[in-house]
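Below: input_23.txt (compact mmCIF, C-alpha atoms)
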```txt
# COMPACT_ATOMS: atom_id res chain seq x y z
CA MET U 1 0.00 0.00 0.00
CA ALA U 2 1.27 3.44 -0.79
CA PHE U 3 1.77 6.10 1.79
CA GLY U 4 -1.37 8.02 2.53
CA THR U 5 -2.93 10.29 5.09
CA ALA U 6 -5.31 8.63 7.52
CA THR U 7 -6.31 8.73 11.17
CA ILE U 8 -7.76 5.43 12.27
CA SER U 9 -9.49 3.96 15.32
CA THR U 10 -7.61 0.69 15.38
CA ASN U 11 -9.10 -2.70 16.15
CA SER U 12 -7.01 -2.67 19.29
CA LEU U 13 -8.60 0.58 20.39
CA LYS U 14 -12.08 -0.83 19.90
CA ARG U 15 -11.12 -3.75 22.12
CA THR U 16 -9.81 -1.30 24.68
CA LEU U 17 -13.02 0.71 24.60
CA ALA U 18 -15.10 -2.40 25.20
CA ASP U 19 -12.78 -3.65 27.90
CA ARG U 20 -12.87 -0.42 29.81
CA LEU U 21 -16.63 -0.69 30.20
CA LEU U 22 -16.03 -3.66 32.46
CA THR U 23 -16.26 -3.24 36.19
CA THR U 24 -12.66 -4.32 36.33
CA PRO U 25 -11.01 -3.53 33.03
CA THR U 26 -7.84 -5.33 32.04
CA ARG U 27 -6.56 -2.69 29.67
CA THR U 28 -5.30 0.73 30.64
CA SER U 29 -5.94 4.12 29.16
CA PRO U 30 -4.37 4.81 25.74
CA LYS U 31 -2.86 8.06 26.97
CA PHE U 32 0.74 7.64 25.81
CA VAL U 33 1.50 9.63 22.70
CA ALA U 34 4.14 8.50 20.21
CA MET U 35 5.50 9.85 16.95
CA GLY U 36 7.43 8.23 14.14
CA VAL U 37 9.30 8.87 10.91
CA GLY U 38 8.83 5.70 8.90
CA ALA U 39 5.46 5.79 7.20
CA THR U 40 6.58 7.39 3.95
CA GLY U 41 9.60 5.12 3.62
CA ALA U 42 7.52 2.06 4.38
CA ALA U 43 4.78 3.18 1.98
CA ARG U 44 2.34 2.72 4.82
CA THR U 45 -1.07 4.23 5.41
CA ALA U 46 -2.65 3.88 8.83
CA VAL U 47 -5.19 1.04 8.96
CA ALA U 48 -7.36 -0.58 11.62
CA ALA U 49 -5.01 -3.55 11.95
CA ASP U 50 -2.03 -1.41 12.96
CA THR U 51 -0.21 -2.47 16.10
CA ALA U 52 2.85 -0.20 15.98
CA LEU U 53 4.45 2.69 14.13
CA SER U 54 6.87 2.00 11.28
CA THR U 55 9.79 3.77 12.92
CA GLU U 56 9.01 5.25 16.28
CA VAL U 57 11.33 8.02 17.48
CA GLU U 58 11.77 9.81 20.81
CA SER U 59 10.21 8.63 24.03
CA ARG U 60 6.48 8.48 24.36
CA VAL U 61 4.90 11.08 26.57
CA SER U 62 2.04 10.58 28.96
CA GLY U 63 -0.55 12.91 27.53
CA THR U 64 -3.13 15.06 29.24
CA GLU U 65 -6.51 13.36 29.06
CA SER U 66 -9.97 14.83 29.00
CA THR U 67 -13.39 14.31 27.56
CA VAL U 68 -14.61 17.02 25.24
CA THR U 69 -17.77 17.63 23.29
CA THR U 70 -17.87 17.10 19.54
CA THR U 71 -21.52 16.33 18.91
CA ASN U 72 -23.03 15.18 22.18
CA THR U 73 -21.84 16.28 25.59
CA GLY U 74 -18.62 14.55 26.53
CA ASP U 75 -18.69 12.17 23.59
CA THR U 76 -15.00 12.47 22.74
CA TYR U 77 -11.88 11.20 24.47
CA GLN U 78 -8.98 13.60 23.96
CA VAL U 79 -5.32 13.25 24.78
CA VAL U 80 -2.74 15.98 24.23
CA GLY U 81 0.97 15.27 24.30
CA THR U 82 4.06 17.27 23.34
CA ILE U 83 7.17 15.46 22.18
CA THR U 84 10.53 17.16 21.79
CA ALA U 85 12.85 16.15 18.97
CA THR U 86 16.40 15.32 20.06
CA ALA U 87 17.60 15.41 16.44
CA THR U 88 16.28 16.54 13.08
CA ARG U 89 13.10 14.56 12.50
CA VAL U 90 10.85 14.12 9.49
CA VAL U 91 7.68 13.13 11.28
CA ASP U 92 4.96 11.42 9.28
CA GLU U 93 3.17 9.12 11.74
CA ALA U 94 1.83 9.15 15.27
CA ALA U 95 -0.20 6.96 17.57
CA THR U 96 -1.48 6.52 21.07
CA PHE U 97 -0.63 3.54 23.25
CA ASP U 98 -1.63 2.27 26.65
CA ALA U 99 1.94 1.99 27.92
CA ALA U 100 5.14 4.02 27.86
CA SER U 101 6.73 1.30 25.73
CA THR U 102 5.27 -1.54 23.65
CA GLY U 103 1.65 -1.82 24.87
CA ASN U 104 -1.56 -1.74 22.85
CA ILE U 105 -2.10 0.82 20.14
CA GLY U 106 -5.09 3.19 20.20
CA VAL U 107 -5.42 5.71 17.40
CA SER U 108 -3.00 5.33 14.49
CA ALA U 109 -2.27 8.19 12.11
CA THR U 110 -0.14 8.83 9.04
CA PHE U 111 0.14 12.38 7.75
CA ALA U 112 2.10 14.74 5.55
CA VAL U 113 5.67 15.27 6.65
CA ILE U 114 6.32 17.66 9.51
CA ASN U 115 9.94 18.76 9.67
CA LEU U 116 11.34 19.29 13.13
CA ALA U 117 14.71 20.74 13.98
CA SER U 118 16.52 19.39 16.99
CA GLY U 119 14.90 20.95 20.02
CA ASP U 120 11.61 21.66 18.30
CA SER U 121 8.53 20.10 19.81
CA LEU U 122 5.42 18.66 18.26
CA GLN U 123 2.16 19.02 20.10
CA LEU U 124 -0.30 16.31 19.15
CA THR U 125 -3.98 16.48 19.97
CA ILE U 126 -5.66 13.17 19.34
CA LYS U 127 -9.39 12.65 19.64
CA GLU U 128 -11.60 9.60 19.62
CA GLN U 129 -15.26 10.43 19.23
CA LEU U 130 -17.91 7.82 19.96
CA THR U 131 -20.68 8.41 17.49
CA MET A 1 -29.47 -5.56 16.06
CA ALA A 2 -26.48 -3.48 15.41
CA ASP A 3 -27.03 0.21 14.84
CA ALA A 4 -25.30 1.19 11.64
CA ASP A 5 -25.04 4.76 12.87
CA GLN A 6 -22.90 3.83 15.83
CA GLY A 7 -19.14 3.85 15.65
CA SER A 8 -16.15 5.94 16.38
CA ALA A 9 -14.13 8.57 14.63
CA ALA A 10 -10.52 9.45 15.27
CA SER A 11 -8.81 12.72 14.49
CA ILE A 12 -5.41 14.28 15.04
CA ASP A 13 -4.16 17.85 15.11
CA THR A 14 -0.52 18.82 15.20
CA ALA A 15 1.29 22.01 16.07
CA VAL A 16 5.02 22.63 15.95
CA VAL A 17 6.54 24.51 18.84
CA PRO A 18 9.84 25.94 17.58
CA SER A 19 12.81 25.79 19.87
CA ARG A 20 14.71 28.71 18.48
CA ASP A 21 14.47 31.98 20.28
CA ALA A 22 14.30 35.07 18.15
CA THR A 23 15.64 38.55 18.37
CA TYR A 24 13.55 41.21 16.76
CA ARG A 25 15.26 44.47 15.93
CA ILE A 26 12.54 47.01 16.05
CA ALA A 27 12.77 50.58 14.84
CA VAL A 28 10.36 53.37 15.51
CA LEU A 29 9.44 55.26 12.36
CA GLY A 30 7.33 58.31 11.77
CA GLN A 31 7.40 62.02 12.37
CA ASP A 32 8.48 61.70 15.94
CA THR A 33 11.44 59.44 15.25
CA GLY A 34 14.37 60.57 17.25
CA VAL A 35 12.46 62.03 20.13
CA TRP A 36 12.94 60.59 23.51
CA PHE A 37 11.12 57.38 24.02
CA THR A 38 11.47 54.24 26.04
CA TRP A 39 10.79 50.72 25.01
CA ARG A 40 8.39 49.63 27.63
CA ARG A 41 7.41 46.08 27.01
CA VAL A 42 6.67 43.60 24.31
CA TYR A 43 4.22 40.82 24.59
CA THR A 44 2.64 38.14 22.54
CA VAL A 45 -0.99 38.28 21.64
CA ASN A 46 -1.46 34.62 22.36
CA PRO A 47 -1.49 33.18 24.88
CA ASP A 48 -0.28 35.68 27.45
CA PHE A 49 1.45 38.98 27.62
CA HIS A 50 5.10 38.84 28.32
CA ASP A 51 7.40 41.47 29.67
CA ALA A 52 10.43 41.24 27.46
CA THR A 53 13.91 41.12 28.84
CA TYR A 54 15.49 44.41 27.89
CA ASP A 55 16.55 47.63 29.44
CA PRO A 56 14.81 50.93 28.90
CA TYR A 57 16.08 52.16 25.60
CA THR A 58 16.18 55.61 24.17
CA ALA A 59 17.71 55.06 20.73
CA ALA A 60 15.83 54.79 17.48
CA GLU A 61 15.82 51.05 17.52
CA ALA A 62 16.13 48.23 19.94
CA ASP A 63 16.71 44.52 19.99
CA ILE A 64 13.93 42.71 21.74
CA LYS A 65 14.45 39.08 22.51
CA VAL A 66 11.43 36.87 22.64
CA ALA A 67 11.56 33.23 23.59
CA ALA A 68 10.23 30.97 20.89
CA ALA A 69 7.59 29.47 23.12
CA GLU A 70 6.29 32.94 23.80
CA TYR A 71 5.55 33.98 20.26
CA PRO A 72 3.32 31.27 18.87
CA GLY A 73 2.44 32.26 15.37
CA ARG A 74 4.92 35.13 15.66
CA ASP A 75 2.03 37.37 16.49
CA MET A 76 3.33 40.08 18.77
CA ARG A 77 2.48 43.43 20.15
CA VAL A 78 4.92 45.95 21.42
CA GLU A 79 4.13 48.80 23.71
CA VAL A 80 6.34 51.86 23.51
CA LEU A 81 6.42 54.92 25.64
CA VAL A 82 6.81 57.92 23.34
CA ASP A 83 6.81 61.47 24.61
CA ASN A 84 5.38 60.14 27.83
CA ASN A 85 2.35 58.86 25.96
CA ASP A 86 1.61 55.20 25.92
CA GLU A 87 1.51 53.81 22.43
CA THR A 88 0.56 50.27 21.55
CA PHE A 89 1.45 48.81 18.19
CA THR A 90 0.28 45.49 16.86
CA THR A 91 2.15 43.48 14.32
CA VAL A 92 0.66 42.05 11.16
CA PRO A 93 2.45 38.77 10.50
CA ASN A 94 3.39 37.94 6.95
CA ASP A 95 2.95 34.48 5.56
CA ASP A 96 6.68 33.94 5.53
CA GLY A 97 6.94 34.53 9.24
CA THR A 98 8.36 38.02 9.03
CA GLU A 99 6.58 40.91 10.58
CA ALA A 100 4.95 43.64 8.57
CA ARG A 101 4.91 47.24 9.64
CA ALA A 102 2.43 48.19 12.26
CA SER A 103 1.27 51.57 13.39
CA ASN A 104 -0.79 53.17 16.04
CA GLY A 105 -4.27 54.36 15.33
CA ASP A 106 -3.58 57.90 14.13
CA GLY A 107 -0.45 57.09 12.18
CA THR A 108 1.81 59.41 14.11
CA HIS A 109 4.10 56.57 15.05
CA SER A 110 4.85 53.24 13.59
CA TRP A 111 7.39 50.56 14.11
CA VAL A 112 8.77 47.83 12.03
CA PRO A 113 10.94 44.85 12.92
CA VAL A 114 13.97 45.15 10.69
CA GLY A 115 15.53 41.83 11.43
CA GLU A 116 15.13 38.55 13.12
CA GLU A 117 17.88 36.28 14.29
CA GLY A 118 17.20 32.64 14.88
```
Output the file's structure as structure tokens, nothing else.
Amino acid sequence: MAFGTATISTNSLKRTLADRLLTTPTRTSPKFVAMGVGATGAARTAVAADTALSTEVESRVSGTESTVTTTNTGDTYQVVGTITATATRVVDEAATFDAASTGNIGVSATFAVINLASGDSLQLTIKEQLT
Amino acid sequence: MADADQGSAASIDTAVVPSRDATYRIAVLGQDTGVWFTWRRVYTVNPDFHDATYDPYTAAEADIKVAAAEYPGRDMRVEVLVDNNDETFTTVPNDDGTEARASNGDGTHSWVPVGEEG
């Protein structure tokens, strides 16, 4: 598949959403934000079956969670994270996970290249609306 | 029965926060150029005002350093004390990130950043 722009609720995220309705959920919140640089090179477009980024860079950050309103009151889970580049980065993918490393993916996204200089930061606001 | 209208929708927004601080060299132009004035403060429009780090200045131009995180969108205002009258000038950012000339309401003073150092 060629590279393309997409933001996807992965199958893993849907499992997480169902799990977290349990009285005692087994999965944790997908609040860790990650970015990567490999989607274009891998000719990858985000899809529901994604489990990881192509080439993840920098450490994941624990984002700031909230529920916001898109259509109905509080119908959207939002997480905001800011990642600082420690080197020049050509960012073209991002995702949320439920752990600081490895873990289960939540939202997966591939997008047009964002060029970061070393020291620049990228603020990512990721939303999951239940419709 | 499953409801075909039910589902989920994901979205992502990104914003780059540049790391590089900038120095704006700002000159006062207009009919009163050269009169005594003092650079008072410079602040960003969004999100919060910021008292710049500089000393009172009485020359025709001044270097004003603004931390990168404090000029999102490079949209700034500068407040200058001219002839003991408070004057507030607002920049008009250009698409290329430079700052266009700004002036006060009656046009008696204006200022223009004449350089930016990364």
(request) Identify which of the residues U:Glu58, U:Asp19, U:Asp92, U:Glu65 lies closest to Ile126 in chain U, counting all atoms listed in the file when measuring atom-to-atom distances. (result)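 Closest to Ile126 in chain U, using all atoms listed in the file: U:Glu65.
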(message) What's around range 94-104 of chain U at 7 Å? Count all atoms listed in the file, leave out sequence neighbours fewer than 4 positions away in its own chain, and write the answer as an NGL selection string.
(response) :U and (12 or 28-36 or 51 or 60 or 108-110)
(request) For CA of Gln78 in chain U and CA of Thr125 in chain U, determine how far apart the two atoms are, in Å to one decimal place. (result)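 Result for CA of Gln78 in chain U versus CA of Thr125 in chain U: 7.0 Å, one decimal.
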(message) Select, as number ranges by chain, those residues of chain U with any atom no more than 7 Å from chain A (distances computed using all atoms listed in the file).
(response) U: 7-9, 107, 119-131
(message) Quick check, in Å to one decimal: how far apart do CA of Gly74 in chain U and CA of Thr10 in chain U lie?
(response)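 Value for the CA of Gly74 in chain U-CA of Thr10 in chain U distance: 20.9 Å.
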(request) Between CA of Val91 in chain U and CA of Asp75 in chain U, measure the distance and give it in Å to one decimal. (result) 29.1 Å
(request) Give the answer as one residue: which of U:Thr82, U:Asn115, U:Thr40, U:Thr23 has the shortest atom-to-atom distance to Thr64 in chain U, using only C-alpha atoms? (result)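 For Thr64 in chain U, the nearest of the candidates is U:Thr82.
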